[in-house]
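Read through the structure below, which is laid out as structure tokens, and then see the notes.
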Amino acid sequence: SMSFNQSNYFDRNIYQDSIDGHEQDSLATLLKKHRIILVGEAGYGKTLESYRIISELCIKFSNYKLIPVYVPLSEYDFSSDSLLNIIQAKLKYFCEGNADKTIKYLLKNNRVALFFDGIDDISDERKKTKFYSEAIQLMSIYSSNYFFFTTRKNGYNNELGEESTFYLTQLPDNKIQRDFIKMGKYHNLPKSYVELFRNPLLYKIGKSILSETVNKDLFNRTQIFITYFENNYRKKKYESELSYYDTLNLFGKFSYEYFEKSSFTFSELDKIMS
């Protein structure tokens, strides 16, 4: 199941990595181009962007003229079914009478928007190759339907076409600074923390920590990381869990690029994780 919580959403645009890569609205671009592969790091809001588009499609096409179908690709990873069979199983709930006949009609008449979330969640490389093959075949046969994919940057080499690859815009400086000023915290957040909070997941955690901090001048990144480990692994507070490997990559990248000193040693990290 999927749910869209507006309070967790940050207004974002998408863009292409080109000279004239201007910012565009993701829903409008999907309806125009019929195909988007959204690439981004862990915690960057790709799944939430999928939810937002699906939510708006349900409002815009409330009479079922266009039916959004959400497929978390972790399901595909653990299933022996083909991609088409998984889609058909989800579409049958919208069908009356002969489901197979109705599904063929919907696909043939361009009435379906397909959301494939998390190509990187397909852990087996052979299975991933099979997914690409099936997805390309679907897009060829039902080309006037709508296809939205999400994946992390690592391991994706434009297998679904470079011309359809987009990225989410970062959270802007003024948005980050303005929100912290509203909270009565920092009036001039250090540059390293602005960069850290461009990732929506870390931004949300940082705001949560600051709202509970007694000393408004005291804020450190180790606290953000430890809180994330606590909530994600021990208390299971977050809906979308990152693996240990993904967490190390996410925090390591930011620490290496924007901070001079480590948050904690490997032994300290292992203690937190154990």
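Following the order of the structure tokens, chains are lettered A, B, ..., residues in each are numbered from 1, and ligands are numbered from 1.
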>> Residues within 7 Å of range 150-161 of chain A, please, as JSON, numbers by chain. Count only C-alpha atoms; anything in the same chain fewer than 3 positions from it doesn't count.
In response: {"A": [37, 38, 39, 40, 41, 42, 46, 116, 117, 118, 119, 120, 132, 136, 164, 165]}
Contact table range 139-208 of chain A vs range 11-24 of chain A, cut-off 12 Å, shortest pair per residue, only C-alpha atoms, as JSON lines:
```
{"residue": "A:Glu162", "atom": "CA", "partner": "A:Gln16", "partner_atom": "CA", "distance": 9.4}
{"residue": "A:Glu163", "atom": "CA", "partner": "A:Gln16", "partner_atom": "CA", "distance": 8.4}
{"residue": "A:Ser164", "atom": "CA", "partner": "A:Gln16", "partner_atom": "CA", "distance": 8.4}
{"residue": "A:Thr165", "atom": "CA", "partner": "A:Gln16", "partner_atom": "CA", "distance": 6.6}
{"residue": "A:Phe166", "atom": "CA", "partner": "A:Gln16", "partner_atom": "CA", "distance": 4.8}
{"residue": "A:Tyr167", "atom": "CA", "partner": "A:Ile14", "partner_atom": "CA", "distance": 5.3}
{"residue": "A:Leu168", "atom": "CA", "partner": "A:Ile14", "partner_atom": "CA", "distance": 4.5}
{"residue": "A:Thr169", "atom": "CA", "partner": "A:Asn13", "partner_atom": "CA", "distance": 5.6}
{"residue": "A:Gln170", "atom": "CA", "partner": "A:Arg12", "partner_atom": "CA", "distance": 7.6}
{"residue": "A:Leu171", "atom": "CA", "partner": "A:Arg12", "partner_atom": "CA", "distance": 7.6}
{"residue": "A:Pro172", "atom": "CA", "partner": "A:Arg12", "partner_atom": "CA", "distance": 9.6}
{"residue": "A:Lys175", "atom": "CA", "partner": "A:Asp11", "partner_atom": "CA", "distance": 10.2}
{"residue": "A:Arg198", "atom": "CA", "partner": "A:Arg12", "partner_atom": "CA", "distance": 11.6}
{"residue": "A:Asn199", "atom": "CA", "partner": "A:Arg12", "partner_atom": "CA", "distance": 11.9}
{"residue": "A:Pro200", "atom": "CA", "partner": "A:Arg12", "partner_atom": "CA", "distance": 10.6}
```
Go ahead and save the picked residues with N, CA and C atoms, as a compact mmCIF listing (two decimals), in the first residue's frame.
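The result, written out as result38.txt:
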```txt
# COMPACT_ATOMS: atom_id res chain seq x y z
N GLU A 162 18.59 7.63 -21.99
CA GLU A 162 19.13 8.86 -21.39
C GLU A 162 18.18 10.05 -21.57
N GLU A 163 17.44 10.06 -22.69
CA GLU A 163 16.57 11.19 -22.99
C GLU A 163 15.40 11.30 -22.00
N SER A 164 15.15 10.23 -21.23
CA SER A 164 14.05 10.24 -20.27
C SER A 164 14.53 10.35 -18.82
N THR A 165 15.83 10.56 -18.63
CA THR A 165 16.40 10.61 -17.28
C THR A 165 16.29 12.02 -16.70
N PHE A 166 15.73 12.10 -15.49
CA PHE A 166 15.55 13.37 -14.80
C PHE A 166 16.07 13.26 -13.36
N TYR A 167 16.32 14.44 -12.77
CA TYR A 167 16.78 14.52 -11.39
C TYR A 167 15.88 15.49 -10.62
N LEU A 168 15.74 15.25 -9.32
CA LEU A 168 14.98 16.17 -8.47
C LEU A 168 15.85 17.35 -8.08
N THR A 169 15.26 18.54 -8.05
CA THR A 169 16.01 19.71 -7.59
C THR A 169 16.30 19.58 -6.09
N GLN A 170 17.39 20.20 -5.66
CA GLN A 170 17.74 20.22 -4.25
C GLN A 170 16.82 21.16 -3.48
N LEU A 171 16.78 20.99 -2.17
CA LEU A 171 16.08 21.97 -1.35
C LEU A 171 16.89 23.27 -1.41
N PRO A 172 16.27 24.40 -1.72
CA PRO A 172 17.02 25.65 -1.88
C PRO A 172 17.47 26.25 -0.54
N LYS A 175 14.84 28.20 1.51
CA LYS A 175 13.84 27.34 2.16
C LYS A 175 14.42 26.80 3.47
N ARG A 198 20.20 19.70 2.30
CA ARG A 198 19.62 19.66 0.95
C ARG A 198 18.97 18.29 0.71
N ASN A 199 19.41 17.29 1.45
CA ASN A 199 18.77 15.97 1.40
C ASN A 199 17.54 16.01 2.30
N PRO A 200 16.33 15.85 1.75
CA PRO A 200 15.10 16.01 2.52
C PRO A 200 15.01 15.11 3.76
```
Between A:Asp100, A:Glu134, A:Glu56, A:Asp124, which has the minimum distance to Leu84 in chain A (counting only C-alpha atoms)?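 Of the candidates, the smallest distance to Leu84 in chain A is held by A:Glu134.
Distance-wise, CA of Ser74 in chain A and CA of Phe131 in chain A end up 11.7 Å apart.
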Practice prompt. Pull the strand (DSSP E or B) assignments for range 90-214 of chain A out of DSSP run on the backbone, and list those residues as an NGL selection string.
Written response: :A and (112-117 or 146-151 or 165-168)
Nearest to Glu49 in chain A, restricted to only C-alpha atoms and choosing among A:Tyr64, A:Lys90, A:Ala135, A:Phe149, comes out as A:Phe149
Which of range 54-198 of chain A DSSP labels alpha helix (DSSP H), written as JSON, numbers by chain: {"A": [54, 55, 56, 57, 58, 59, 60, 73, 74, 75, 76, 77, 83, 84, 85, 86, 87, 88, 89, 90, 91, 99, 100, 101, 102, 103, 104, 105, 106, 107, 108, 125, 126, 127, 128, 129, 130, 131, 132, 133, 134, 135, 136, 137, 138, 139, 140, 141, 173, 174, 175, 176, 177, 178, 179, 180, 181, 182, 191, 192, 193, 194, 195, 196]}
Next item on the list: Choose the residue, out of A:Arg52, A:Arg126, A:Lys60, A:Lys207, that has the smallest atom-to-atom separation from Ser26 in chain A; count only C-alpha atoms.
Entry: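 Of the candidates, the smallest distance to Ser26 in chain A is held by A:Arg52.
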Shell of 12 Å around Val71 in chain A, only C-alpha atoms, local chain residues under 4 positions omitted, as a PDB file with N, CA, C and O atoms, in the first residue's frame:
```pdb
ATOM      1  N   SER A   1       0.833  -1.192   0.000  1.00  0.00           N
ATOM      2  CA  SER A   1       0.000   0.000   0.000  1.00  0.00           C
ATOM      3  C   SER A   1       0.868   1.242   0.000  1.00  0.00           C
ATOM      4  O   SER A   1       2.031   1.198   0.364  1.00  0.00           O
ATOM      5  N   MET A   2       0.308   2.364  -0.397  1.00  0.00           N
ATOM      6  CA  MET A   2       1.064   3.601  -0.409  1.00  0.00           C
ATOM      7  C   MET A   2       0.179   4.712   0.110  1.00  0.00           C
ATOM      8  O   MET A   2      -1.043   4.658   0.007  1.00  0.00           O
ATOM      9  N   THR A  47      10.538   8.426  -3.901  1.00  0.00           N
ATOM     10  CA  THR A  47       9.280   7.712  -3.632  1.00  0.00           C
ATOM     11  C   THR A  47       8.163   8.689  -3.287  1.00  0.00           C
ATOM     12  O   THR A  47       7.030   8.557  -3.769  1.00  0.00           O
ATOM     13  N   SER A  50       6.793  10.195  -6.319  1.00  0.00           N
ATOM     14  CA  SER A  50       5.880   9.249  -6.979  1.00  0.00           C
ATOM     15  C   SER A  50       4.499   9.326  -6.335  1.00  0.00           C
ATOM     16  O   SER A  50       3.480   9.395  -7.028  1.00  0.00           O
ATOM     17  N   TYR A  51       4.471   9.302  -4.994  1.00  0.00           N
ATOM     18  CA  TYR A  51       3.199   9.379  -4.265  1.00  0.00           C
ATOM     19  C   TYR A  51       2.450  10.668  -4.604  1.00  0.00           C
ATOM     20  O   TYR A  51       1.233  10.667  -4.782  1.00  0.00           O
ATOM     21  N   ILE A  54       0.910  10.429  -8.092  1.00  0.00           N
ATOM     22  CA  ILE A  54      -0.232   9.503  -8.056  1.00  0.00           C
ATOM     23  C   ILE A  54      -1.435  10.171  -7.404  1.00  0.00           C
ATOM     24  O   ILE A  54      -2.565  10.079  -7.899  1.00  0.00           O
ATOM     25  N   GLU A  75       8.887  -5.931  -4.647  1.00  0.00           N
ATOM     26  CA  GLU A  75       7.921  -7.009  -4.945  1.00  0.00           C
ATOM     27  C   GLU A  75       8.393  -7.835  -6.144  1.00  0.00           C
ATOM     28  O   GLU A  75       8.309  -9.063  -6.145  1.00  0.00           O
ATOM     29  N   TYR A  76       8.875  -7.148  -7.159  1.00  0.00           N
ATOM     30  CA  TYR A  76       9.360  -7.831  -8.361  1.00  0.00           C
ATOM     31  C   TYR A  76      10.582  -8.685  -8.027  1.00  0.00           C
ATOM     32  O   TYR A  76      10.741  -9.795  -8.529  1.00  0.00           O
ATOM     33  N   ASP A  77      11.449  -8.163  -7.144  1.00  0.00           N
ATOM     34  CA  ASP A  77      12.673  -8.864  -6.761  1.00  0.00           C
ATOM     35  C   ASP A  77      12.366 -10.224  -6.140  1.00  0.00           C
ATOM     36  O   ASP A  77      13.077 -11.195  -6.359  1.00  0.00           O
ATOM     37  N   LEU A  83       6.639  -8.894 -15.094  1.00  0.00           N
ATOM     38  CA  LEU A  83       6.223  -7.529 -14.781  1.00  0.00           C
ATOM     39  C   LEU A  83       4.766  -7.313 -15.188  1.00  0.00           C
ATOM     40  O   LEU A  83       3.978  -6.709 -14.446  1.00  0.00           O
ATOM     41  N   LEU A  84       4.391  -7.835 -16.350  1.00  0.00           N
ATOM     42  CA  LEU A  84       3.012  -7.680 -16.836  1.00  0.00           C
ATOM     43  C   LEU A  84       2.018  -8.375 -15.904  1.00  0.00           C
ATOM     44  O   LEU A  84       0.945  -7.832 -15.614  1.00  0.00           O
ATOM     45  N   ASN A  85       2.375  -9.553 -15.395  1.00  0.00           N
ATOM     46  CA  ASN A  85       1.487 -10.270 -14.475  1.00  0.00           C
ATOM     47  C   ASN A  85       1.281  -9.501 -13.172  1.00  0.00           C
ATOM     48  O   ASN A  85       0.181  -9.483 -12.617  1.00  0.00           O
ATOM     49  N   ILE A  86       2.350  -8.870 -12.684  1.00  0.00           N
ATOM     50  CA  ILE A  86       2.252  -8.071 -11.453  1.00  0.00           C
ATOM     51  C   ILE A  86       1.324  -6.882 -11.689  1.00  0.00           C
ATOM     52  O   ILE A  86       0.473  -6.557 -10.853  1.00  0.00           O
ATOM     53  N   ILE A  87       1.482  -6.228 -12.840  1.00  0.00           N
ATOM     54  CA  ILE A  87       0.619  -5.081 -13.195  1.00  0.00           C
ATOM     55  C   ILE A  87      -0.838  -5.531 -13.301  1.00  0.00           C
ATOM     56  O   ILE A  87      -1.744  -4.871 -12.777  1.00  0.00           O
ATOM     57  N   GLN A  88      -1.065  -6.646 -13.971  1.00  0.00           N
ATOM     58  CA  GLN A  88      -2.426  -7.164 -14.147  1.00  0.00           C
ATOM     59  C   GLN A  88      -3.074  -7.489 -12.806  1.00  0.00           C
ATOM     60  O   GLN A  88      -4.266  -7.236 -12.601  1.00  0.00           O
ATOM     61  N   ALA A  89      -2.292  -8.041 -11.869  1.00  0.00           N
ATOM     62  CA  ALA A  89      -2.820  -8.379 -10.544  1.00  0.00           C
ATOM     63  C   ALA A  89      -3.280  -7.128  -9.804  1.00  0.00           C
ATOM     64  O   ALA A  89      -4.267  -7.152  -9.058  1.00  0.00           O
ATOM     65  N   LYS A  90      -2.570  -6.009 -10.018  1.00  0.00           N
ATOM     66  CA  LYS A  90      -2.948  -4.756  -9.357  1.00  0.00           C
ATOM     67  C   LYS A  90      -4.134  -4.083 -10.061  1.00  0.00           C
ATOM     68  O   LYS A  90      -4.967  -3.447  -9.420  1.00  0.00           O
ATOM     69  N   LEU A  91      -4.190  -4.229 -11.378  1.00  0.00           N
ATOM     70  CA  LEU A  91      -5.269  -3.590 -12.143  1.00  0.00           C
ATOM     71  C   LEU A  91      -6.627  -4.283 -11.997  1.00  0.00           C
ATOM     72  O   LEU A  91      -7.667  -3.672 -12.205  1.00  0.00           O
ATOM     73  N   ALA A 113      -1.206   4.671 -15.913  1.00  0.00           N
ATOM     74  CA  ALA A 113       0.063   5.304 -15.553  1.00  0.00           C
ATOM     75  C   ALA A 113       0.783   4.355 -14.600  1.00  0.00           C
ATOM     76  O   ALA A 113       0.291   4.072 -13.505  1.00  0.00           O
ATOM     77  N   LEU A 114       1.921   3.845 -15.016  1.00  0.00           N
ATOM     78  CA  LEU A 114       2.650   2.834 -14.257  1.00  0.00           C
ATOM     79  C   LEU A 114       3.830   3.454 -13.514  1.00  0.00           C
ATOM     80  O   LEU A 114       4.660   4.143 -14.120  1.00  0.00           O
ATOM     81  N   PHE A 115       3.910   3.194 -12.219  1.00  0.00           N
ATOM     82  CA  PHE A 115       4.977   3.727 -11.371  1.00  0.00           C
ATOM     83  C   PHE A 115       5.803   2.564 -10.833  1.00  0.00           C
ATOM     84  O   PHE A 115       5.323   1.764 -10.031  1.00  0.00           O
ATOM     85  N   PHE A 116       7.046   2.475 -11.293  1.00  0.00           N
ATOM     86  CA  PHE A 116       7.954   1.419 -10.865  1.00  0.00           C
ATOM     87  C   PHE A 116       8.991   2.038  -9.925  1.00  0.00           C
ATOM     88  O   PHE A 116       9.909   2.725 -10.381  1.00  0.00           O
ATOM     89  N   ASP A 117       8.838   1.767  -8.645  1.00  0.00           N
ATOM     90  CA  ASP A 117       9.623   2.478  -7.630  1.00  0.00           C
ATOM     91  C   ASP A 117      10.779   1.630  -7.102  1.00  0.00           C
ATOM     92  O   ASP A 117      10.564   0.573  -6.512  1.00  0.00           O
ATOM     93  N   GLY A 118      12.014   2.122  -7.327  1.00  0.00           N
ATOM     94  CA  GLY A 118      13.185   1.494  -6.731  1.00  0.00           C
ATOM     95  C   GLY A 118      13.828   0.404  -7.561  1.00  0.00           C
ATOM     96  O   GLY A 118      13.919  -0.744  -7.125  1.00  0.00           O
ATOM     97  N   ILE A 119      14.317   0.768  -8.752  1.00  0.00           N
ATOM     98  CA  ILE A 119      15.021  -0.220  -9.575  1.00  0.00           C
ATOM     99  C   ILE A 119      16.191  -0.807  -8.788  1.00  0.00           C
ATOM    100  O   ILE A 119      16.498  -1.998  -8.888  1.00  0.00           O
ATOM    101  N   ASP A 121      16.264  -1.608  -5.825  1.00  0.00           N
ATOM    102  CA  ASP A 121      15.804  -2.619  -4.868  1.00  0.00           C
ATOM    103  C   ASP A 121      15.818  -4.029  -5.464  1.00  0.00           C
ATOM    104  O   ASP A 121      15.610  -5.013  -4.739  1.00  0.00           O
ATOM    105  N   PHE A 147       4.791   6.022 -18.020  1.00  0.00           N
ATOM    106  CA  PHE A 147       5.758   5.197 -17.296  1.00  0.00           C
ATOM    107  C   PHE A 147       6.661   6.089 -16.435  1.00  0.00           C
ATOM    108  O   PHE A 147       7.310   6.998 -16.947  1.00  0.00           O
ATOM    109  N   PHE A 148       6.691   5.797 -15.135  1.00  0.00           N
ATOM    110  CA  PHE A 148       7.494   6.578 -14.190  1.00  0.00           C
ATOM    111  C   PHE A 148       8.346   5.601 -13.374  1.00  0.00           C
ATOM    112  O   PHE A 148       7.819   4.719 -12.708  1.00  0.00           O
ATOM    113  N   PHE A 149       9.667   5.745 -13.463  1.00  0.00           N
ATOM    114  CA  PHE A 149      10.599   4.865 -12.754  1.00  0.00           C
ATOM    115  C   PHE A 149      11.409   5.687 -11.746  1.00  0.00           C
ATOM    116  O   PHE A 149      11.691   6.861 -11.994  1.00  0.00           O
ATOM    117  N   THR A 150      11.789   5.067 -10.642  1.00  0.00           N
ATOM    118  CA  THR A 150      12.744   5.719  -9.739  1.00  0.00           C
ATOM    119  C   THR A 150      13.920   4.775  -9.506  1.00  0.00           C
ATOM    120  O   THR A 150      13.762   3.546  -9.474  1.00  0.00           O
TER     121      THR A 150
END
```
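Separating CA of Gly45 in chain A from CA of Met139 in chain A is a distance of 24.7 Å.
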request  = Skip Phe197 in chain A itself and residues of its chain fewer than 3 positions away, then list as a VMD selection string all residues within 12 Å of it, counting only C-alpha atoms.
outcome  = chain A and resid 43 to 44 170 to 177 179 to 180 189 to 194 200 to 207 221 224 251 254 258
Same residues, N, CA and C atoms, output as an mmCIF file, in the first residue's frame:
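Heads up, here's the output in out24.cif:
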```
data_model
loop_
_atom_site.group_PDB
_atom_site.id
_atom_site.type_symbol
_atom_site.label_atom_id
_atom_site.label_comp_id
_atom_site.auth_asym_id
_atom_site.auth_seq_id
_atom_site.Cartn_x
_atom_site.Cartn_y
_atom_site.Cartn_z
ATOM 1 N N GLY A 43 17.181 8.803 0.277
ATOM 2 C CA GLY A 43 16.609 9.849 1.124
ATOM 3 C C GLY A 43 16.274 11.131 0.399
ATOM 4 N N TYR A 44 16.350 11.112 -0.937
ATOM 5 C CA TYR A 44 16.196 12.357 -1.699
ATOM 6 C C TYR A 44 14.752 12.674 -2.081
ATOM 7 N N GLN A 170 17.386 20.203 -5.665
ATOM 8 C CA GLN A 170 17.744 20.219 -4.245
ATOM 9 C C GLN A 170 16.818 21.158 -3.482
ATOM 10 N N LEU A 171 16.776 20.985 -2.166
ATOM 11 C CA LEU A 171 16.077 21.971 -1.349
ATOM 12 C C LEU A 171 16.889 23.267 -1.406
ATOM 13 N N PRO A 172 16.270 24.404 -1.722
ATOM 14 C CA PRO A 172 17.017 25.653 -1.879
ATOM 15 C C PRO A 172 17.471 26.251 -0.542
ATOM 16 N N ASP A 173 18.554 27.032 -0.593
ATOM 17 C CA ASP A 173 19.106 27.680 0.614
ATOM 18 C C ASP A 173 18.044 28.446 1.380
ATOM 19 N N ASN A 174 17.261 29.267 0.642
ATOM 20 C CA ASN A 174 16.308 30.144 1.337
ATOM 21 C C ASN A 174 15.228 29.356 2.057
ATOM 22 N N LYS A 175 14.842 28.201 1.508
ATOM 23 C CA LYS A 175 13.845 27.343 2.158
ATOM 24 C C LYS A 175 14.416 26.800 3.472
ATOM 25 N N ILE A 176 15.651 26.318 3.418
ATOM 26 C CA ILE A 176 16.294 25.727 4.594
ATOM 27 C C ILE A 176 16.491 26.786 5.675
ATOM 28 N N GLN A 177 17.093 27.919 5.289
ATOM 29 C CA GLN A 177 17.376 28.985 6.264
ATOM 30 C C GLN A 177 16.077 29.541 6.854
ATOM 31 N N ASP A 179 13.125 28.159 7.270
ATOM 32 C CA ASP A 179 12.455 27.258 8.202
ATOM 33 C C ASP A 179 13.142 27.233 9.565
ATOM 34 N N PHE A 180 14.468 27.296 9.563
ATOM 35 C CA PHE A 180 15.176 27.286 10.846
ATOM 36 C C PHE A 180 15.006 28.606 11.593
ATOM 37 N N LEU A 189 22.667 29.520 9.223
ATOM 38 C CA LEU A 189 23.114 28.138 9.325
ATOM 39 C C LEU A 189 24.438 27.976 8.580
ATOM 40 N N PRO A 190 25.449 27.331 9.198
ATOM 41 C CA PRO A 190 26.738 27.140 8.513
ATOM 42 C C PRO A 190 26.556 26.431 7.178
ATOM 43 N N LYS A 191 27.416 26.757 6.213
ATOM 44 C CA LYS A 191 27.298 26.226 4.849
ATOM 45 C C LYS A 191 27.290 24.691 4.832
ATOM 46 N N SER A 192 28.118 24.085 5.680
ATOM 47 C CA SER A 192 28.189 22.621 5.689
ATOM 48 C C SER A 192 26.843 22.007 6.058
ATOM 49 N N TYR A 193 26.096 22.679 6.978
ATOM 50 C CA TYR A 193 24.795 22.151 7.375
ATOM 51 C C TYR A 193 23.726 22.438 6.321
ATOM 52 N N VAL A 194 23.869 23.548 5.628
ATOM 53 C CA VAL A 194 22.945 23.823 4.516
ATOM 54 C C VAL A 194 23.073 22.713 3.483
ATOM 55 N N PRO A 200 16.328 15.845 1.745
ATOM 56 C CA PRO A 200 15.102 16.005 2.523
ATOM 57 C C PRO A 200 15.012 15.109 3.757
ATOM 58 N N LEU A 201 15.564 13.884 3.657
ATOM 59 C CA LEU A 201 15.519 12.979 4.806
ATOM 60 C C LEU A 201 16.320 13.554 5.966
ATOM 61 N N LEU A 202 17.550 14.018 5.700
ATOM 62 C CA LEU A 202 18.389 14.577 6.749
ATOM 63 C C LEU A 202 17.822 15.903 7.256
ATOM 64 N N TYR A 203 17.181 16.641 6.365
ATOM 65 C CA TYR A 203 16.554 17.908 6.743
ATOM 66 C C TYR A 203 15.425 17.676 7.751
ATOM 67 N N LYS A 204 14.606 16.662 7.465
ATOM 68 C CA LYS A 204 13.484 16.350 8.346
ATOM 69 C C LYS A 204 13.983 15.914 9.725
ATOM 70 N N ILE A 205 15.039 15.084 9.740
ATOM 71 C CA ILE A 205 15.606 14.625 11.006
ATOM 72 C C ILE A 205 16.213 15.797 11.772
ATOM 73 N N GLY A 206 16.937 16.666 11.035
ATOM 74 C CA GLY A 206 17.573 17.829 11.666
ATOM 75 C C GLY A 206 16.558 18.757 12.310
ATOM 76 N N LYS A 207 15.464 19.013 11.604
ATOM 77 C CA LYS A 207 14.400 19.871 12.158
ATOM 78 C C LYS A 207 13.791 19.256 13.413
ATOM 79 N N ARG A 221 26.197 17.394 13.957
ATOM 80 C CA ARG A 221 25.770 16.426 12.949
ATOM 81 C C ARG A 221 25.764 14.998 13.485
ATOM 82 N N ILE A 224 22.386 14.099 14.585
ATOM 83 C CA ILE A 224 21.488 13.753 13.470
ATOM 84 C C ILE A 224 21.666 12.297 13.093
ATOM 85 N N PHE A 251 25.545 8.912 4.689
ATOM 86 C CA PHE A 251 26.198 9.772 5.682
ATOM 87 C C PHE A 251 27.673 9.987 5.355
ATOM 88 N N PHE A 254 28.196 12.814 2.656
ATOM 89 C CA PHE A 254 28.051 14.172 3.175
ATOM 90 C C PHE A 254 29.194 14.542 4.106
ATOM 91 N N TYR A 258 31.682 17.665 3.049
ATOM 92 C CA TYR A 258 31.369 18.964 3.649
ATOM 93 C C TYR A 258 31.878 19.179 5.072
#
```
Here CA of Lys33 in chain A and CA of Leu57 in chain A stand apart by 15.4 Å
